[in-house]
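Below is run07.pdb, holding PDB, C-alpha atoms and all ligand atoms.
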```pdb
MODEL        1
ATOM      1  CA  MET A 233     156.060 131.423  90.014
ATOM      2  CA  LYS A 234     152.763 131.411  91.920
ATOM      3  CA  ALA A 235     149.902 133.027  90.001
ATOM      4  CA  ILE A 236     146.598 134.339  91.291
ATOM      5  CA  ILE A 237     143.543 135.790  89.568
ATOM      6  CA  ILE A 238     141.418 138.031  91.792
ATOM      7  CA  THR A 239     138.089 139.429  90.604
ATOM      8  CA  GLY A 240     136.966 142.803  91.933
ATOM      9  CA  GLY A 241     140.532 143.767  92.828
ATOM     10  CA  SER A 242     140.124 147.519  92.321
ATOM     11  CA  LYS A 243     138.670 148.375  95.735
ATOM     12  CA  GLY A 244     137.297 147.029  99.005
ATOM     13  CA  LEU A 245     138.311 143.525 100.067
ATOM     14  CA  GLY A 246     139.616 142.722  96.575
ATOM     15  CA  LYS A 247     142.086 145.607  96.646
ATOM     16  CA  SER A 248     143.481 144.408  99.995
ATOM     17  CA  LEU A 249     143.744 140.858  98.649
ATOM     18  CA  VAL A 250     145.602 142.095  95.559
ATOM     19  CA  THR A 251     148.023 144.086  97.734
ATOM     20  CA  LEU A 252     148.639 141.208 100.152
ATOM     21  CA  TYR A 253     149.208 138.481  97.554
ATOM     22  CA  ASN A 254     151.449 140.837  95.586
ATOM     23  CA  THR A 255     153.532 141.482  98.718
ATOM     24  CA  GLU A 256     153.721 137.727  99.315
ATOM     25  CA  GLY A 257     155.356 137.263  95.907
ATOM     26  CA  TYR A 258     152.405 136.095  93.824
ATOM     27  CA  LYS A 259     151.997 137.237  90.243
ATOM     28  CA  VAL A 260     148.592 138.914  90.538
ATOM     29  CA  TYR A 261     145.978 139.404  87.825
ATOM     30  CA  SER A 262     143.142 141.693  88.937
ATOM     31  CA  LEU A 263     139.873 141.819  86.991
ATOM     32  CA  ALA A 264     137.475 144.744  87.598
ATOM     33  CA  ARG A 265     135.823 147.527  85.630
ATOM     34  CA  THR A 266     138.173 150.239  86.881
ATOM     35  CA  ILE A 267     141.967 150.362  86.997
ATOM     36  CA  ASN A 268     143.318 151.466  90.371
ATOM     37  CA  SER A 269     146.452 153.594  89.917
ATOM     38  CA  GLU A 270     147.542 152.854  93.518
ATOM     39  CA  LEU A 271     148.128 149.206  92.640
ATOM     40  CA  LYS A 272     151.658 148.895  91.261
ATOM     41  CA  ASP A 273     153.215 145.715  89.796
ATOM     42  CA  VAL A 274     149.771 144.195  89.304
ATOM     43  CA  ASN A 275     148.282 143.123  85.992
ATOM     44  CA  GLN A 276     144.972 144.943  85.989
ATOM     45  CA  ILE A 277     142.441 144.056  83.324
ATOM     46  CA  SER A 278     139.336 146.148  82.810
ATOM     47  CA  VAL A 279     136.236 144.017  82.293
ATOM     48  CA  ASP A 280     132.580 144.170  83.246
ATOM     49  CA  LEU A 281     132.126 140.802  84.944
ATOM     50  CA  SER A 282     128.356 141.036  84.648
ATOM     51  CA  ASN A 283     128.924 140.648  80.902
ATOM     52  CA  VAL A 284     129.307 136.892  80.778
ATOM     53  CA  SER A 285     130.714 136.561  77.243
ATOM     54  CA  ASP A 286     133.338 139.324  77.673
ATOM     55  CA  SER A 287     134.348 137.786  80.999
ATOM     56  CA  GLN A 288     134.950 134.347  79.481
ATOM     57  CA  LEU A 289     137.193 135.787  76.783
ATOM     58  CA  VAL A 290     139.248 137.657  79.366
ATOM     59  CA  LEU A 291     139.653 134.655  81.680
ATOM     60  CA  ASN A 292     140.703 132.365  78.835
ATOM     61  CA  LYS A 293     143.329 134.899  77.757
ATOM     62  CA  VAL A 294     144.652 135.424  81.290
ATOM     63  CA  MET A 295     144.858 131.691  81.943
ATOM     64  CA  ASP A 296     146.750 131.076  78.693
ATOM     65  CA  GLU A 297     149.198 133.827  79.644
ATOM     66  CA  ILE A 298     149.676 132.294  83.102
ATOM     67  CA  LEU A 299     150.141 128.743  81.785
ATOM     68  CA  ASN A 300     152.835 129.960  79.361
ATOM     69  CA  GLN A 301     154.905 130.970  82.392
ATOM     70  CA  ASN A 302     154.967 127.459  83.936
ATOM     71  CA  PRO A 303     153.620 128.430  87.364
ATOM     72  CA  SER A 304     153.932 126.138  90.386
ATOM     73  CA  SER A 305     150.465 127.112  91.581
ATOM     74  CA  ILE A 306     147.390 128.878  90.226
ATOM     75  CA  THR A 307     144.646 130.339  92.420
ATOM     76  CA  LEU A 308     141.355 131.952  91.454
ATOM     77  CA  ILE A 309     139.556 134.183  93.960
ATOM     78  CA  ASN A 310     136.008 134.982  92.872
ATOM     79  CA  ASN A 311     135.577 138.120  94.971
ATOM     80  CA  ALA A 312     133.651 140.636  92.810
ATOM     81  CA  GLY A 313     130.091 140.930  93.990
ATOM     82  CA  THR A 314     127.234 143.336  94.465
ATOM     83  CA  LEU A 315     124.056 143.632  96.464
ATOM     84  CA  GLY A 316     122.325 144.951  93.352
ATOM     85  CA  LYS A 317     119.264 147.053  94.054
ATOM     86  CA  MET A 318     118.211 146.486  97.647
ATOM     87  CA  ASP A 319     114.434 146.373  97.752
ATOM     88  CA  THR A 320     111.510 143.987  97.894
ATOM     89  CA  LEU A 321     111.670 141.661  94.911
ATOM     90  CA  GLN A 322     108.680 143.251  93.196
ATOM     91  CA  GLU A 323     110.510 146.620  93.107
ATOM     92  CA  ILE A 324     113.725 145.342  91.510
ATOM     93  CA  PRO A 325     113.881 145.913  87.737
ATOM     94  CA  SER A 326     114.489 142.760  85.688
ATOM     95  CA  GLU A 327     117.723 144.161  84.214
ATOM     96  CA  ASN A 328     119.086 144.686  87.726
ATOM     97  CA  ILE A 329     118.220 141.116  88.711
ATOM     98  CA  GLU A 330     119.935 139.875  85.563
ATOM     99  CA  THR A 331     123.205 141.796  86.022
ATOM    100  CA  THR A 332     123.403 140.975  89.744
ATOM    101  CA  VAL A 333     122.884 137.264  89.092
ATOM    102  CA  SER A 334     125.508 137.389  86.323
ATOM    103  CA  LEU A 335     128.116 139.112  88.499
ATOM    104  CA  ASN A 336     127.516 137.143  91.723
ATOM    105  CA  TYR A 337     126.704 133.751  90.306
ATOM    106  CA  THR A 338     126.914 133.069  86.540
ATOM    107  CA  THR A 339     130.387 134.513  85.935
ATOM    108  CA  PRO A 340     131.960 132.924  89.073
ATOM    109  CA  MET A 341     130.488 129.539  88.090
ATOM    110  CA  ILE A 342     131.689 129.875  84.490
ATOM    111  CA  PHE A 343     135.111 130.950  85.807
ATOM    112  CA  CYS A 344     135.226 127.773  87.932
ATOM    113  CA  SER A 345     134.280 125.753  84.856
ATOM    114  CA  ILE A 346     136.936 127.342  82.598
ATOM    115  CA  PHE A 347     139.554 127.100  85.374
ATOM    116  CA  SER A 348     138.806 123.383  85.856
ATOM    117  CA  LYS A 349     138.865 122.567  82.146
ATOM    118  CA  LYS A 350     142.032 124.523  81.371
ATOM    119  CA  LEU A 351     143.873 122.939  84.290
ATOM    120  CA  GLU A 352     142.649 119.382  83.698
ATOM    121  CA  ASN A 353     146.188 118.143  82.954
ATOM    122  CA  TYR A 354     148.054 120.706  85.045
ATOM    123  CA  LYS A 355     149.978 119.047  87.877
ATOM    124  CA  GLY A 356     150.746 122.089  90.038
ATOM    125  CA  VAL A 357     148.713 123.391  92.983
ATOM    126  CA  LYS A 358     145.285 124.680  91.934
ATOM    127  CA  LYS A 359     142.860 126.443  94.220
ATOM    128  CA  ILE A 360     139.564 128.317  93.991
ATOM    129  CA  ARG A 361     138.337 130.585  96.804
ATOM    130  CA  ASN A 362     134.794 131.899  96.397
ATOM    131  CA  ILE A 363     133.983 134.961  98.483
ATOM    132  CA  SER A 364     130.450 134.270  99.608
ATOM    133  CA  SER A 365     128.502 135.719 102.538
ATOM    134  CA  GLY A 366     126.671 134.666 105.668
ATOM    135  CA  ALA A 367     123.637 136.017 103.780
ATOM    136  CA  ALA A 368     123.732 132.695 101.873
ATOM    137  CA  ASN A 369     122.101 131.092 104.905
ATOM    138  CA  GLY A 370     119.720 133.892 105.799
ATOM    139  CA  ALA A 371     116.485 135.342 104.490
ATOM    140  CA  TYR A 372     116.912 139.106 104.718
ATOM    141  CA  HIS A 373     114.069 141.364 103.610
ATOM    142  CA  GLY A 374     115.269 143.377 100.580
ATOM    143  CA  TRP A 375     118.150 141.022  99.730
ATOM    144  CA  SER A 376     116.409 138.298  97.681
ATOM    145  CA  VAL A 377     118.915 138.415  94.820
ATOM    146  CA  TYR A 378     121.998 138.749  97.021
ATOM    147  CA  CYS A 379     121.046 135.953  99.459
ATOM    148  CA  SER A 380     120.098 133.552  96.689
ATOM    149  CA  THR A 381     123.173 134.171  94.530
ATOM    150  CA  LYS A 382     125.471 133.582  97.516
ATOM    151  CA  SER A 383     123.576 130.353  98.380
ATOM    152  CA  ALA A 384     124.034 129.267  94.787
ATOM    153  CA  MET A 385     127.763 130.014  95.002
ATOM    154  CA  ASP A 386     128.068 127.796  98.090
ATOM    155  CA  SER A 387     126.168 125.085  96.313
ATOM    156  CA  PHE A 388     128.414 124.903  93.230
ATOM    157  CA  THR A 389     131.484 125.114  95.483
ATOM    158  CA  LYS A 390     130.397 121.902  97.240
ATOM    159  CA  VAL A 391     129.511 120.130  93.989
ATOM    160  CA  LEU A 392     132.797 121.089  92.311
ATOM    161  CA  ALA A 393     134.748 119.675  95.269
ATOM    162  CA  ILE A 394     132.902 116.354  94.944
ATOM    163  CA  GLU A 395     133.573 116.286  91.194
ATOM    164  CA  GLN A 396     137.288 116.860  91.821
ATOM    165  CA  GLU A 397     137.543 114.054  94.419
ATOM    166  CA  ASN A 398     138.841 111.346  92.082
ATOM    167  CA  ASN A 399     141.200 113.546  90.081
ATOM    168  CA  LEU A 400     144.890 112.777  90.470
ATOM    169  CA  SER A 401     145.539 116.469  91.005
ATOM    170  CA  PRO A 402     142.267 117.941  92.296
ATOM    171  CA  ILE A 403     141.355 121.593  92.554
ATOM    172  CA  HIS A 404     140.889 122.626  96.189
ATOM    173  CA  VAL A 405     137.788 124.830  96.358
ATOM    174  CA  LEU A 406     136.315 126.740  99.304
ATOM    175  CA  SER A 407     133.595 129.257 100.008
ATOM    176  CA  ILE A 408     134.609 131.979 102.457
ATOM    177  CA  TYR A 409     132.280 134.226 104.479
ATOM    178  CA  PRO A 410     134.231 137.453 105.092
ATOM    179  CA  GLY A 411     132.081 138.946 107.876
ATOM    180  CA  VAL A 412     131.064 142.600 107.875
ATOM    181  CA  ILE A 413     133.762 144.775 106.236
ATOM    182  CA  ASP A 414     134.051 148.553 106.043
ATOM    183  CA  THR A 415     133.839 148.937 102.241
ATOM    184  CA  GLU A 416     131.679 150.773  99.707
ATOM    185  CA  MET A 417     129.255 147.851  99.855
ATOM    186  CA  GLN A 418     128.513 148.674 103.505
ATOM    187  CA  ALA A 419     128.132 152.381 102.682
ATOM    188  CA  GLU A 420     125.524 151.355 100.089
ATOM    189  CA  ILE A 421     123.650 149.295 102.680
ATOM    190  CA  ARG A 422     123.496 152.231 105.125
ATOM    191  CA  LYS A 423     121.875 154.407 102.418
ATOM    192  CA  SER A 424     118.830 152.095 102.222
ATOM    193  CA  THR A 425     115.480 153.120 103.590
ATOM    194  CA  GLN A 426     113.659 150.940 106.118
ATOM    195  CA  GLU A 427     111.131 150.040 103.384
ATOM    196  CA  GLN A 428     113.880 148.825 101.063
ATOM    197  CA  PHE A 429     115.899 146.927 103.679
ATOM    198  CA  SER A 430     114.305 146.370 107.066
ATOM    199  CA  ASN A 431     117.650 145.543 108.790
ATOM    200  CA  VAL A 432     119.307 148.835 107.836
ATOM    201  CA  GLU A 433     119.405 150.174 111.438
ATOM    202  CA  ARG A 434     121.525 147.208 112.549
ATOM    203  CA  PHE A 435     124.210 148.082 109.965
ATOM    204  CA  ILE A 436     124.111 151.795 110.861
ATOM    205  CA  GLU A 437     124.637 150.837 114.521
ATOM    206  CA  MET A 438     127.531 148.514 113.646
ATOM    207  CA  LYS A 439     129.310 151.351 111.835
ATOM    208  CA  LYS A 440     128.658 153.756 114.759
ATOM    209  CA  ASN A 441     130.041 151.197 117.223
ATOM    210  CA  ASN A 442     133.142 150.502 115.096
ATOM    211  CA  ASP A 443     132.100 146.877 114.716
ATOM    212  CA  LEU A 444     133.205 146.575 111.081
ATOM    213  CA  SER A 445     136.431 144.824 110.113
ATOM    214  CA  THR A 446     138.901 146.567 107.848
ATOM    215  CA  PRO A 447     139.485 145.082 104.379
ATOM    216  CA  GLU A 448     143.137 144.513 105.376
ATOM    217  CA  GLN A 449     142.145 142.436 108.433
ATOM    218  CA  ILE A 450     139.856 140.270 106.324
ATOM    219  CA  ALA A 451     142.384 139.884 103.506
ATOM    220  CA  ASN A 452     144.838 138.481 106.099
ATOM    221  CA  LEU A 453     142.223 135.978 107.284
ATOM    222  CA  VAL A 454     141.345 134.942 103.721
ATOM    223  CA  TYR A 455     145.082 134.386 103.118
ATOM    224  CA  LYS A 456     145.272 132.294 106.293
ATOM    225  CA  ILE A 457     142.286 130.162 105.202
ATOM    226  CA  ASP A 458     143.712 129.849 101.685
ATOM    227  CA  HIS A 459     146.952 128.373 103.072
ATOM    228  CA  ASP A 460     145.411 126.168 105.780
ATOM    229  CA  VAL A 461     145.985 122.628 104.518
ATOM    230  CA  SER A 462     143.728 121.148 107.215
ATOM    231  CA  ILE A 463     140.555 122.542 105.577
ATOM    232  CA  LYS A 464     138.688 119.883 103.628
ATOM    233  CA  ASN A 465     137.858 120.389  99.976
ATOM    234  CA  GLY A 466     134.420 121.955  99.434
ATOM    235  CA  GLU A 467     134.106 123.462 102.916
ATOM    236  CA  ILE A 468     132.087 126.603 103.578
ATOM    237  CA  THR A 469     134.338 128.608 105.889
ATOM    238  CA  ASP A 470     133.794 131.755 107.945
ATOM    239  CA  VAL A 471     136.661 134.165 108.730
ATOM    240  CA  ARG A 472     135.238 134.545 112.253
ATOM    241  CA  ASP A 473     136.434 130.988 112.992
ATOM    242  CA  PHE A 474     140.024 131.905 112.068
ATOM    243  CA  TYR A 475     140.759 134.986 114.213
TER
HETATM  244  N1  LIG A 501     131.510 144.312 102.688
HETATM  245  C1  LIG A 501     130.900 143.378 103.415
HETATM  246  O1  LIG A 501     130.481 143.615 104.566
HETATM  247  C2  LIG A 501     130.708 142.001 102.854
HETATM  248  C3  LIG A 501     130.055 141.048 103.645
HETATM  249  C4  LIG A 501     129.871 139.768 103.156
HETATM  250  C5  LIG A 501     130.351 139.437 101.898
HETATM  251  N2  LIG A 501     130.979 140.367 101.143
HETATM  252  C6  LIG A 501     131.461 139.958  99.806
HETATM  253  O2  LIG A 501     132.820 140.331  99.655
HETATM  254  C7  LIG A 501     133.101 140.613  98.280
HETATM  255  C8  LIG A 501     133.797 141.975  98.177
HETATM  256  O3  LIG A 501     132.917 142.955  98.699
HETATM  257  P1  LIG A 501     133.374 144.448  99.021
HETATM  258  O4  LIG A 501     132.670 144.834 100.261
HETATM  259  O5  LIG A 501     134.861 144.572  98.922
HETATM  260  O6  LIG A 501     132.675 145.209  97.800
HETATM  261  P2  LIG A 501     133.035 146.614  97.114
HETATM  262  O7  LIG A 501     133.822 147.477  98.008
HETATM  263  O8  LIG A 501     131.742 147.111  96.587
HETATM  264  O9  LIG A 501     133.985 146.169  95.891
HETATM  265  C9  LIG A 501     133.472 145.347  94.891
HETATM  266  C10 LIG A 501     134.542 144.997  93.891
HETATM  267  O10 LIG A 501     133.909 144.281  92.823
HETATM  268  C11 LIG A 501     134.141 144.962  91.596
HETATM  269  N3  LIG A 501     132.970 144.923  90.741
HETATM  270  C12 LIG A 501     131.690 145.315  91.045
HETATM  271  N4  LIG A 501     130.914 145.188  89.971
HETATM  272  C13 LIG A 501     131.708 144.725  88.965
HETATM  273  C14 LIG A 501     131.483 144.420  87.597
HETATM  274  N5  LIG A 501     130.273 144.555  87.039
HETATM  275  N6  LIG A 501     132.531 143.965  86.856
HETATM  276  C15 LIG A 501     133.755 143.842  87.411
HETATM  277  N7  LIG A 501     134.023 144.100  88.697
HETATM  278  C16 LIG A 501     133.003 144.552  89.456
HETATM  279  C17 LIG A 501     134.448 146.408  91.979
HETATM  280  O11 LIG A 501     135.296 146.997  91.011
HETATM  281  P3  LIG A 501     134.824 148.060  89.903
HETATM  282  O12 LIG A 501     133.781 148.933  90.524
HETATM  283  O13 LIG A 501     136.102 148.742  89.554
HETATM  284  O14 LIG A 501     134.306 147.235  88.775
HETATM  285  C18 LIG A 501     135.216 146.214  93.279
HETATM  286  O15 LIG A 501     136.555 145.968  93.016
HETATM  287  C19 LIG A 501     131.753 140.549  97.552
HETATM  288  O16 LIG A 501     131.599 139.315  96.900
HETATM  289  C20 LIG A 501     130.734 140.669  98.681
HETATM  290  O17 LIG A 501     129.507 140.035  98.359
HETATM  291  C21 LIG A 501     131.168 141.636 101.591
ENDMDL
END
```

Kindly present the structure from the file in structure tokens form.
Ligand SMILES: NC(=O)c1ccc[n+]([C@@H]2O[C@H](COP(=O)([O-])OP(=O)(O)OC[C@H]3O[C@@H](n4cnc5c(N)ncnc54)[C@H](OP(=O)(O)O)[C@@H]3O)[C@@H](O)[C@H]2O)c1
Amino acid sequence: MKAIIITGGSKGLGKSLVTLYNTEGYKVYSLARTINSELKDVNQISVDLSNVSDSQLVLNKVMDEILNQNPSSITLINNAGTLGKMDTLQEIPSENIETTVSLNYTTPMIFCSIFSKKLENYKGVKKIRNISSGAANGAYHGWSVYCSTKSAMDSFTKVLAIEQENNLSPIHVLSIYPGVIDTEMQAEIRKSTQEQFSNVERFIEMKKNNDLSTPEQIANLVYKIDHDVSIKNGEITDVRDFY
């Protein structure tokens, strides 16, 4: 049995990942706030991943359930993420900064920590794929929280890989930039005003010109990257290099 935990599996890229891995024979556990009735044969668990303590309890429980089934491989995809409120930093309420940082950064890092500890003596295949963003390397007006949380995700991905180097059975961990995908996140971006997000016109144009990838296309590329044994541990990958 191959097991996979996917966060944010209810819609967007996560939903396509859940569907694909399920079709490929994985036992899928999807963690999101809402349950998607279209997703059959998937273990869906409702949890607010910006609530760090609830999230830890859920992951511990899911991992115990998976380990009891003697899987040959366990994968964690940290996919859930949000832009939070798009605006200049001074206009973003503290609570919004806090929940966005928790969802995009704190919970994924804690999940990596719990995953590593629980699987310390596990000899099967163990992989973590962190869905990051090209925004990690940019400085986009209105996206201070998003850019910085994705940079932070890349950073702990690289450190975790180094820490795993001398393990007999190391976790293989990657960051993946998924490109621009036609999901609710993009619809949110297009609703911004110029004052909130100065690049908004570029994203409106991309949608008009049909330049967005579908979630299904990107899920296939994430799957390809996930199974590419030539990729070194700790790499920051971009789906656009795998078309
Ligand atoms: N779309 C793009 O162009 C793009 C570009 C670069 C990177 N990315 C990254 O790709 C990933 C997926 O993005 P997407 O476009 O598919 O986003 P999306 O359509 O907005 O979906 C986000 C997913 O995360 C879940 N989620 C959001 N807040 C949550 C919370 N508090 N607790 C639990 N789950 C939560 C949502 O489920 P519920 O609402 O049911 O909780 C949903 O399943 C994100 O990490 C994003 O940063 C996207």

Selection result of the PyMOL selection byres (((not hetatm)) within 7 of (chain A and resi 501)) on this file, as a PyMOL selection string: chain A and resi 239-247+263-267+279-282+311-315+335-336+363-366+409-418

Close residues, A:His404 itself excluded, 9 Å, all atoms listed in the file, min 4 positions apart in chain, as a PyMOL selection string: chain A and resi 357-361+393+396+464-466

Contacts of A:Asn362 within 7 Å, all atoms listed in the file, excl. fewer than 6 positions in-chain, as a list of chain:residue names: A:Ile309, A:Asn310, A:Asn311, A:Leu406, A:Ser407, A:Ile408

Could you save those same residues with C-alpha atoms as an mmCIF file, keeping the file's coordinate frame?
```cif
data_model
loop_
_atom_site.group_PDB
_atom_site.id
_atom_site.type_symbol
_atom_site.label_atom_id
_atom_site.label_comp_id
_atom_site.auth_asym_id
_atom_site.auth_seq_id
_atom_site.Cartn_x
_atom_site.Cartn_y
_atom_site.Cartn_z
ATOM 1 C CA ILE A 309 139.556 134.183 93.960
ATOM 2 C CA ASN A 310 136.008 134.982 92.872
ATOM 3 C CA ASN A 311 135.577 138.120 94.971
ATOM 4 C CA LEU A 406 136.315 126.740 99.304
ATOM 5 C CA SER A 407 133.595 129.257 100.008
ATOM 6 C CA ILE A 408 134.609 131.979 102.457
#
```

Selection dump of the PyMOL selection byres (((chain A and resi 322) around 12) and not hetatm), as JSON, numbers by chain: {"A": [317, 318, 319, 320, 321, 323, 324, 325, 326, 328, 329, 373, 374, 375, 376, 377, 428]}

Next, write the just-selected residues to a file, as a CSV table (one decimal), keeping the file's coordinate frame, keeping C-alpha atoms as the atom set.
```csv
chain,number,residue,atom,x,y,z
A,317,LYS,CA,119.3,147.1,94.1
A,318,MET,CA,118.2,146.5,97.6
A,319,ASP,CA,114.4,146.4,97.8
A,320,THR,CA,111.5,144.0,97.9
A,321,LEU,CA,111.7,141.7,94.9
A,323,GLU,CA,110.5,146.6,93.1
A,324,ILE,CA,113.7,145.3,91.5
A,325,PRO,CA,113.9,145.9,87.7
A,326,SER,CA,114.5,142.8,85.7
A,328,ASN,CA,119.1,144.7,87.7
A,329,ILE,CA,118.2,141.1,88.7
A,373,HIS,CA,114.1,141.4,103.6
A,374,GLY,CA,115.3,143.4,100.6
A,375,TRP,CA,118.2,141.0,99.7
A,376,SER,CA,116.4,138.3,97.7
A,377,VAL,CA,118.9,138.4,94.8
A,428,GLN,CA,113.9,148.8,101.1
```

d(atom CA of A:Arg472, atom CA of A:Phe343) in Å: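 We find that atom CA of A:Arg472 and atom CA of A:Phe343 lie 26.7 Å from each other.
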
Computed interatomic separation between atom CA of A:Asp473 and atom CA of A:Leu453 (Å):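 So the two atoms, atom CA of A:Asp473 and atom CA of A:Leu453, lie 9.5 Å apart.
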
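The space separating atom CA of A:Lys355 from atom CA of A:Ser305 comes to 8.9 Å.
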
If I only have part of stretch 350-363 of chain A, can you fill in N, CA and C atoms and write it as a PDB file, keeping the file's coordinate frame?
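Result went into rebuild.pdb, see below:
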```
ATOM      1  N   LYS A 350     140.687 124.132  81.828  1.00  0.00           N
ATOM      2  CA  LYS A 350     142.032 124.523  81.371  1.00  0.00           C
ATOM      3  C   LYS A 350     143.122 123.810  82.159  1.00  0.00           C
ATOM      4  N   LEU A 351     142.833 123.508  83.431  1.00  0.00           N
ATOM      5  CA  LEU A 351     143.873 122.939  84.290  1.00  0.00           C
ATOM      6  C   LEU A 351     143.716 121.423  84.480  1.00  0.00           C
ATOM      7  N   GLU A 352     142.911 120.817  83.609  1.00  0.00           N
ATOM      8  CA  GLU A 352     142.649 119.382  83.698  1.00  0.00           C
ATOM      9  C   GLU A 352     143.942 118.570  83.800  1.00  0.00           C
ATOM     10  N   ASN A 353     144.937 118.924  82.975  1.00  0.00           N
ATOM     11  CA  ASN A 353     146.188 118.143  82.954  1.00  0.00           C
ATOM     12  C   ASN A 353     147.340 118.858  83.655  1.00  0.00           C
ATOM     13  N   TYR A 354     147.014 119.932  84.349  1.00  0.00           N
ATOM     14  CA  TYR A 354     148.054 120.706  85.045  1.00  0.00           C
ATOM     15  C   TYR A 354     148.347 120.042  86.389  1.00  0.00           C
ATOM     16  N   LYS A 355     149.634 119.824  86.680  1.00  0.00           N
ATOM     17  CA  LYS A 355     149.978 119.047  87.877  1.00  0.00           C
ATOM     18  C   LYS A 355     150.337 119.911  89.093  1.00  0.00           C
ATOM     19  N   GLY A 356     150.403 121.213  88.910  1.00  0.00           N
ATOM     20  CA  GLY A 356     150.746 122.089  90.038  1.00  0.00           C
ATOM     21  C   GLY A 356     149.582 122.247  91.006  1.00  0.00           C
ATOM     22  N   VAL A 357     149.761 123.122  91.985  1.00  0.00           N
ATOM     23  CA  VAL A 357     148.713 123.391  92.983  1.00  0.00           C
ATOM     24  C   VAL A 357     147.635 124.255  92.335  1.00  0.00           C
ATOM     25  N   LYS A 358     146.373 123.877  92.519  1.00  0.00           N
ATOM     26  CA  LYS A 358     145.285 124.680  91.934  1.00  0.00           C
ATOM     27  C   LYS A 358     144.174 124.865  92.957  1.00  0.00           C
ATOM     28  N   LYS A 359     143.818 126.132  93.155  1.00  0.00           N
ATOM     29  CA  LYS A 359     142.860 126.443  94.220  1.00  0.00           C
ATOM     30  C   LYS A 359     141.834 127.480  93.742  1.00  0.00           C
ATOM     31  N   ILE A 360     140.599 127.302  94.230  1.00  0.00           N
ATOM     32  CA  ILE A 360     139.564 128.317  93.991  1.00  0.00           C
ATOM     33  C   ILE A 360     139.014 128.743  95.346  1.00  0.00           C
ATOM     34  N   ARG A 361     138.926 130.051  95.573  1.00  0.00           N
ATOM     35  CA  ARG A 361     138.337 130.585  96.804  1.00  0.00           C
ATOM     36  C   ARG A 361     137.186 131.498  96.384  1.00  0.00           C
ATOM     37  N   ASN A 362     135.974 131.111  96.754  1.00  0.00           N
ATOM     38  CA  ASN A 362     134.794 131.899  96.397  1.00  0.00           C
ATOM     39  C   ASN A 362     134.380 132.761  97.582  1.00  0.00           C
ATOM     40  N   ILE A 363     134.375 134.067  97.391  1.00  0.00           N
ATOM     41  CA  ILE A 363     133.983 134.961  98.483  1.00  0.00           C
ATOM     42  C   ILE A 363     132.458 135.039  98.500  1.00  0.00           C
TER      43      ILE A 363
END
```
